[in-house]
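Visitor: Structure: coords_4.csv, CSV, C-alpha atoms.
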chain,number,residue,atom,x,y,z
H,1,MET,CA,62.4,-5.8,46.9
H,2,SER,CA,61.9,-3.0,49.3
H,3,THR,CA,58.5,-2.0,50.6
H,4,ILE,CA,57.4,1.2,52.3
H,5,LEU,CA,54.6,0.8,54.8
H,6,VAL,CA,52.7,4.0,54.8
H,7,ASN,CA,49.2,5.4,54.8
H,8,THR,CA,50.0,8.9,53.5
H,9,LEU,CA,52.7,10.3,51.3
H,10,THR,CA,53.5,14.0,52.1
H,11,GLY,CA,56.2,16.1,50.6
H,12,THR,CA,58.9,17.5,52.9
H,13,SER,CA,59.4,20.9,51.3
H,14,THR,CA,55.8,21.3,50.1
H,15,ALA,CA,53.3,18.9,51.5
H,16,GLY,CA,51.3,18.5,48.3
H,17,SER,CA,54.3,18.0,46.0
H,18,ILE,CA,56.4,14.9,45.6
H,19,ALA,CA,58.8,14.3,42.6
H,20,VAL,CA,58.9,11.0,40.9
H,21,THR,CA,61.8,10.1,38.7
H,22,GLY,CA,60.7,9.4,35.1
H,23,GLU,CA,61.3,6.3,33.0
H,24,GLY,CA,64.3,7.8,31.3
H,25,ASN,CA,66.0,8.5,34.7
H,26,SER,CA,66.8,12.0,33.7
H,27,THR,CA,63.7,14.1,34.6
H,28,THR,CA,61.1,14.0,37.3
H,29,THR,CA,57.3,14.3,37.2
H,30,ASN,CA,55.0,15.5,40.0
H,31,LEU,CA,53.3,12.7,41.7
H,32,GLN,CA,50.3,14.7,42.9
H,33,GLN,CA,49.7,16.4,39.6
H,34,GLY,CA,50.0,13.2,37.6
H,35,LEU,CA,47.4,11.3,39.5
H,36,ALA,CA,43.8,11.2,38.4
H,37,LYS,CA,41.8,12.9,41.2
H,38,SER,CA,38.5,11.2,40.3
H,39,TRP,CA,37.1,8.6,37.9
H,40,VAL,CA,33.8,6.9,37.4
H,41,ASN,CA,32.2,4.3,35.2
H,42,PHE,CA,28.4,4.6,35.1
H,43,ASN,CA,25.3,3.3,33.4
H,44,GLY,CA,23.1,6.1,32.2
H,45,THR,CA,20.2,3.9,31.1
H,46,GLY,CA,17.1,3.2,33.3
H,47,THR,CA,17.9,4.0,36.8
H,48,ALA,CA,21.4,5.6,36.4
H,49,ALA,CA,24.0,3.8,38.5
H,50,THR,CA,27.7,3.9,39.1
H,51,ARG,CA,29.6,0.7,38.4
H,52,ASP,CA,32.9,1.7,40.0
H,53,SER,CA,34.5,5.0,40.9
H,54,PHE,CA,37.1,6.9,42.9
H,55,ASN,CA,36.5,10.2,44.7
H,56,HIS,CA,32.9,10.1,43.5
H,57,ALA,CA,30.1,10.9,45.9
H,58,SER,CA,26.9,10.8,43.9
H,59,LEU,CA,25.3,10.5,40.4
H,60,THR,CA,22.2,12.5,39.7
H,61,ASP,CA,20.1,11.9,36.6
H,62,ASN,CA,18.7,15.3,35.5
H,63,GLY,CA,17.0,13.9,32.5
H,64,THR,CA,17.8,12.3,29.2
H,65,GLY,CA,21.5,12.4,28.6
H,66,ASP,CA,22.0,14.8,31.4
H,67,PHE,CA,23.9,13.9,34.6
H,68,THR,CA,25.6,15.6,37.5
H,69,LEU,CA,28.5,13.8,39.1
H,70,ALA,CA,29.6,15.0,42.6
H,71,TYR,CA,33.0,14.5,44.2
H,72,THR,CA,33.7,13.3,47.7
H,73,ASN,CA,36.6,15.7,47.9
H,74,SER,CA,36.2,18.9,45.9
H,75,PHE,CA,38.7,20.4,43.5
H,76,GLY,CA,40.5,23.6,44.3
H,77,ASN,CA,39.1,25.4,41.3
H,78,VAL,CA,37.2,24.8,38.1
H,79,ASN,CA,40.3,24.6,35.9
H,80,TYR,CA,40.6,20.8,36.2
H,81,ALA,CA,40.8,18.7,33.0
H,82,SER,CA,37.8,16.5,32.3
H,83,SER,CA,37.7,13.6,29.8
H,84,VAL,CA,34.5,11.7,29.3
H,85,TYR,CA,34.0,8.7,27.0
H,86,THR,CA,30.6,7.5,26.0
H,87,SER,CA,29.5,4.9,23.5
H,88,ILE,CA,26.1,5.1,21.8
H,89,ASP,CA,24.9,1.5,21.3
H,90,ALA,CA,24.6,0.0,17.9
H,91,VAL,CA,20.8,-0.1,18.1
H,92,ALA,CA,20.8,3.7,17.9
H,93,GLY,CA,22.9,3.5,14.7
H,94,PHE,CA,23.9,7.1,14.7
H,95,ASN,CA,27.1,8.7,13.5
H,96,THR,CA,28.9,9.6,16.6
H,97,SER,CA,28.6,9.9,20.3
H,98,GLN,CA,29.4,13.2,21.9
H,99,PHE,CA,29.3,14.9,25.2
H,100,GLY,CA,29.6,18.4,26.7
H,101,SER,CA,30.4,19.6,30.2
H,102,SER,CA,28.2,22.6,30.3
H,103,THR,CA,28.4,23.2,34.0
H,104,LYS,CA,31.6,22.6,35.9
H,105,ALA,CA,32.0,23.4,39.6
H,106,ALA,CA,34.7,22.6,42.2
H,107,ALA,CA,32.3,20.1,43.8
H,108,ASN,CA,30.7,18.5,40.8
H,109,ILE,CA,30.4,18.4,37.0
H,110,ARG,CA,27.3,18.3,34.8
H,111,VAL,CA,27.7,16.4,31.6
H,112,THR,CA,25.4,16.1,28.6
H,113,ILE,CA,25.6,13.0,26.5
H,114,GLY,CA,24.1,12.4,23.1
H,115,TYR,CA,24.6,11.7,19.4
H,116,ASP,CA,24.7,13.6,16.1
H,117,GLY,CA,22.4,11.7,13.8
H,118,SER,CA,22.1,14.3,11.1
H,119,THR,CA,25.7,15.4,10.6
H,120,ASN,CA,24.7,19.0,11.2
H,121,GLY,CA,26.5,19.3,14.5
H,122,THR,CA,23.3,19.2,16.6
H,123,LEU,CA,23.5,17.1,19.7
H,124,THR,CA,20.5,15.0,20.5
H,125,ALA,CA,20.4,13.9,24.2
H,126,TYR,CA,20.6,10.2,24.7
H,127,ASP,CA,21.0,7.8,27.7
H,128,THR,CA,23.7,5.2,27.1
H,129,ALA,CA,25.0,2.4,29.2
H,130,ALA,CA,28.7,3.1,28.7
H,131,ASN,CA,30.0,6.3,30.2
H,132,GLU,CA,33.5,6.7,31.6
H,133,MET,CA,35.1,9.8,32.9
H,134,HIS,CA,38.4,10.8,34.6
H,135,LEU,CA,39.6,14.1,36.0
H,136,MET,CA,43.0,15.7,36.4
H,137,GLY,CA,43.7,18.8,38.5
H,138,ASP,CA,44.1,20.2,41.9
H,139,LEU,CA,42.3,19.0,44.9
H,140,ALA,CA,41.1,21.7,47.4
W,1,MET,CA,65.8,17.9,47.0
W,2,ALA,CA,65.0,17.3,50.7
W,3,GLY,CA,65.4,13.5,50.4
W,4,LYS,CA,65.0,10.5,48.2
W,5,ILE,CA,63.4,7.2,48.9
W,6,VAL,CA,64.2,4.2,46.6
W,7,ALA,CA,61.5,1.5,46.9
W,8,ASP,CA,59.7,-1.0,44.8
W,9,GLN,CA,56.4,-1.1,46.6
W,10,LEU,CA,54.1,1.1,48.7
W,11,GLU,CA,51.9,-0.6,51.2
W,12,HIS,CA,48.9,1.0,53.0
W,13,SER,CA,47.8,-0.4,56.3
W,14,THR,CA,44.3,-1.3,55.0
W,15,ALA,CA,44.0,-0.4,51.4
W,16,GLY,CA,46.5,-2.8,49.9
W,17,SER,CA,49.9,-2.3,48.2
W,18,LEU,CA,51.1,-1.0,44.9
W,19,ASP,CA,54.3,-1.6,43.0
W,20,THR,CA,56.0,1.8,42.5
W,21,GLN,CA,56.3,1.0,38.8
W,22,PHE,CA,52.6,1.8,38.6
W,23,VAL,CA,53.3,5.2,40.2
W,24,VAL,CA,56.0,5.9,37.6
W,25,ASN,CA,54.3,4.4,34.6
W,26,GLY,CA,50.7,5.0,35.6
W,27,SER,CA,50.9,8.7,36.3
W,28,ALA,CA,49.9,11.2,33.6
W,29,LYS,CA,53.0,12.9,32.3
W,30,ALA,CA,51.2,15.9,31.0
W,31,TRP,CA,47.8,17.4,30.9
W,32,MET,CA,46.2,20.7,30.2
W,33,HIS,CA,42.9,22.5,30.3
W,34,GLU,CA,42.7,25.2,27.7
W,35,THR,CA,40.7,27.4,25.4
W,36,HIS,CA,42.2,28.1,22.0
W,37,ALA,CA,45.8,28.0,23.4
W,38,THR,CA,45.0,29.9,26.6
W,39,VAL,CA,46.0,27.4,29.3
W,40,HIS,CA,43.9,27.5,32.4
W,41,ASP,CA,45.8,24.8,34.3
W,42,SER,CA,48.4,22.2,33.3
W,43,LEU,CA,51.1,19.7,34.1
W,44,ASN,CA,54.4,19.6,32.2
W,45,VAL,CA,53.2,22.1,29.6
W,46,SER,CA,55.6,24.9,28.7
W,47,SER,CA,53.2,26.6,26.3
W,48,ALA,CA,50.3,26.1,24.0
W,49,THR,CA,50.5,27.3,20.4
W,50,ASP,CA,47.5,28.4,18.4
W,51,GLY,CA,47.6,26.7,15.1
W,52,GLY,CA,44.2,27.9,13.8
W,53,SER,CA,40.6,27.1,14.5
W,54,GLY,CA,40.4,24.1,16.7
W,55,ASP,CA,44.1,23.5,16.4
W,56,THR,CA,46.2,23.8,19.5
W,57,VAL,CA,49.8,22.5,19.9
W,58,MET,CA,50.6,21.3,23.4
W,59,ASN,CA,54.3,21.9,24.1
W,60,PHE,CA,55.9,19.8,26.9
W,61,SER,CA,58.3,21.2,29.5
W,62,SER,CA,60.0,17.8,29.8
W,63,ALA,CA,60.1,15.8,26.6
W,64,MET,CA,58.8,12.3,26.2
W,65,SER,CA,61.2,9.6,25.3
W,66,ASN,CA,59.4,8.6,22.1
W,67,THR,CA,56.2,9.3,20.2
W,68,ASN,CA,54.4,6.2,21.3
W,69,TYR,CA,52.7,7.9,24.2
W,70,ALA,CA,48.9,7.9,24.6
W,71,ASN,CA,47.1,11.2,24.4
W,72,HIS,CA,43.4,11.7,24.7
W,73,GLY,CA,41.0,14.4,25.6
W,74,GLY,CA,37.6,15.8,25.8
W,75,GLY,CA,35.4,17.9,28.1
W,76,PHE,CA,34.1,20.5,25.7
W,77,GLU,CA,31.7,23.2,26.6
W,78,ALA,CA,28.5,22.5,24.8
W,79,SER,CA,24.9,21.9,25.5
W,80,ILE,CA,22.1,19.8,24.1
W,81,GLY,CA,20.8,21.2,20.9
W,82,THR,CA,23.9,23.1,19.9
W,83,ASN,CA,27.1,22.2,18.2
W,84,SER,CA,29.1,20.0,20.5
W,85,GLY,CA,32.8,19.4,20.4
W,86,TYR,CA,34.7,16.2,20.1
W,87,MET,CA,38.3,15.5,20.0
W,88,ALA,CA,39.9,14.7,16.7
W,89,TYR,CA,43.4,14.3,15.6
W,90,HIS,CA,43.1,15.4,12.0
W,91,ALA,CA,40.2,13.8,10.1
W,92,GLY,CA,38.9,12.4,13.4
W,93,GLN,CA,41.7,9.9,13.9
W,94,PHE,CA,44.8,9.5,15.9
W,95,ASP,CA,47.6,10.8,13.7
W,96,SER,CA,51.2,10.0,14.9
W,97,ASP,CA,52.5,12.5,12.4
W,98,ASN,CA,51.2,15.2,14.7
W,99,LYS,CA,53.1,13.9,17.7
W,100,THR,CA,56.7,14.5,18.6
W,101,THR,CA,58.7,13.9,21.8
W,102,THR,CA,58.3,17.6,22.6
W,103,ALA,CA,54.7,18.4,21.6
W,104,CYS,CA,51.4,16.9,20.5
W,105,ASN,CA,48.7,18.5,18.4
W,106,PRO,CA,45.2,17.6,19.5
W,107,ARG,CA,42.6,19.1,17.3
W,108,LYS,CA,39.0,19.4,18.2
W,109,GLY,CA,36.0,20.0,16.1
W,110,PHE,CA,32.3,19.5,15.7
W,111,TYR,CA,30.5,17.1,13.5
W,112,THR,CA,29.0,18.8,10.5
W,113,SER,CA,28.5,18.0,6.9
W,114,SER,CA,31.7,20.0,6.3
W,115,GLY,CA,33.5,18.5,9.3
W,116,GLY,CA,34.6,21.8,10.7
W,117,PHE,CA,37.0,22.4,13.5
W,118,GLY,CA,36.1,24.8,16.3
W,119,ASP,CA,37.6,26.3,19.4
W,120,TYR,CA,36.2,24.8,22.6
W,121,ILE,CA,37.3,24.6,26.2
W,122,SER,CA,39.0,21.3,26.2
W,123,SER,CA,41.3,18.9,28.1
W,124,THR,CA,44.2,16.8,26.9
W,125,VAL,CA,46.0,14.1,29.0
W,126,VAL,CA,49.2,12.3,28.0
W,127,PHE,CA,50.5,9.0,29.4
W,128,GLY,CA,53.8,7.5,28.4
W,129,ASP,CA,57.5,7.5,29.1
W,130,LEU,CA,59.5,10.7,30.0
W,131,ALA,CA,62.9,11.0,28.3
Transcribe the structure of this file into structure tokens.
Guide:
Amino acid sequence: MSTILVNTLTGTSTAGSIAVTGEGNSTTTNLQQGLAKSWVNFNGTGTAATRDSFNHASLTDNGTGDFTLAYTNSFGNVNYASSVYTSIDAVAGFNTSQFGSSTKAAANIRVTIGYDGSTNGTLTAYDTAANEMHLMGDLA
Amino acid sequence: MAGKIVADQLEHSTAGSLDTQFVVNGSAKAWMHETHATVHDSLNVSSATDGGSGDTVMNFSSAMSNTNYANHGGGFEASIGTNSGYMAYHAGQFDSDNKTTTACNPRKGFYTSSGGFGDYISSTVVFGDLA
């Protein structure tokens, strides 16, 4: 087995672009573009707290089901892809858990979390313990 | 190509080491951020096709090797007290019938008594094996 000892990987032609050969050995994928640039697992109940994270600077509790998550290193724009998973606990007993990212900036994202208890599409804000998010996109 | 390194492991001076199989297998092979087939940013997406309300086909530039890849998404523009989006794959479940090696068909909607689909700003990420 060969091992490369390195602290930073930088492309030769373009510093921020390194090709990685795919599983089928016939195509390549872009290393930088394929990496999640930030992820976080946080508890939104009580005093909101982060359990574990990457490129995450702070978690702000704006109110029930309303959180702002700031990045250590900002994105290059607001076109990054955000995926948030949240699980409303069984005690709540509602139909589904949902979220929205109403405010997205290069340096942070504000997410709203809640449930639809009436099947009419109206989101009711709710603090839940299980919240996970990952982000794909371009760092600044 | 300026150069090629063949290695099984990357090792950082302080942060530990990583088998390069995790770089190959653990990297997202496609992702996009879009609104009703208008792609704002993406990786390995040749185009997005508008299939109707809440229905966007994500076409890959480089095909996947099979249809066993994992795709998921979210990040819809919504606010408390309004209709909020969630990702569904036809009837709110993952539906492999809507996945091919060259495209996947994430659908997004909102939870109503009629279960309607709607157009939201959304994100989709794909993990799996490239052809």
Visitor: Using only C-alpha atoms, can you tell me which of H:Thr47, H:Ala81, H:Gly63, H:Met133 comes closest to chain W?
Guide: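 The closest residue to chain W is H:Ala81.
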Visitor: As an exercise, work out the distance from atom CA of Thr3 of chain H to atom CA of Leu130 of chain W in Å and give it to one decimal place.
Guide: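 Pair atom CA of Thr3 of chain H / atom CA of Leu130 of chain W returns 24.2 Å.
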Visitor: Please, what is the axis-aligned box for every listed atom of segment 110-115 of chain H with 5 Å on each side, as centre and edge lengths in Å to one decimal, as AutoDock Vina command-line options?
Guide:
--center_x 25.9 --center_y 15.0 --center_z 27.1 --size_x 13.6 --size_y 16.6 --size_z 25.4
Visitor: Extract, using only C-alpha atoms, all DNA, RNA and protein residues at most 10 Å from Val78 of chain H, discarding same-chain residues fewer than 3 positions from it, and format them as a PyMOL selection string.
Guide: (chain H and resi 74-75+81+103-109+137-138) or (chain W and resi 33+40-41)
Visitor: Under the rule that only C-alpha atoms are counted, which of W:Glu11, W:Asp129, W:Asp55, W:Asp19 is the nearest residue to Thr21 of chain H?
Guide: W:Asp129
Visitor: Gly73 of chain W: which residues within 6 Å, counting all atoms listed in the file, same-chain residues fewer than 6 positions away excluded, as a compact mmCIF listing (two decimals) with C-alpha atoms, in the coordinates of the input?
Guide:
# COMPACT_ATOMS: atom_id res chain seq x y z
CA SER H 83 37.70 13.60 29.80
CA SER W 123 41.30 18.90 28.10
CA THR W 124 44.20 16.80 26.90
Visitor: Quick one: pull the distance between atom CA of Thr102 of chain W and atom CA of Met64 of chain W, Å, one decimal.
Guide: 6.4 Å
Visitor: Here is a test: counting only C-alpha atoms, which residue of H:Leu31, H:Ala140, H:Ala70, H:Ala49 is nearest to Gly26 of chain W?
Guide: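 Using only C-alpha atoms, the shortest distance to Gly26 of chain W belongs to H:Leu31.
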Visitor: Counting all atoms listed in the file, which residue out of W:Val6, W:Ile121, W:Val126, W:Val39 sits closest to Met136 of chain H?
Guide: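 Closest to Met136 of chain H of all the choices is W:Val126.
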Visitor: Calculate how many Å separate atom CA of Ser47 of chain W from atom CA of Asn59 of chain W, rounding to one decimal.
Guide: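 For atom CA of Ser47 of chain W relative to atom CA of Asn59 of chain W, the distance reads 5.3 Å.
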Visitor: Which residue is closest to chain W? Choose from H:Gly76, H:Gly24, H:Gly65, H:Gly114 and count all atoms listed in the file.
Guide: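 Looking only at the distances to chain W, the closest residue turns out to be H:Gly24.
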Visitor: For chain W, which residue out of H:Ser53, H:Ser2, H:Thr60, H:Asn73 is the nearest one, using all atoms listed in the file?
Guide: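 With all atoms listed in the file as the atom set, the closest residue is H:Ser2.
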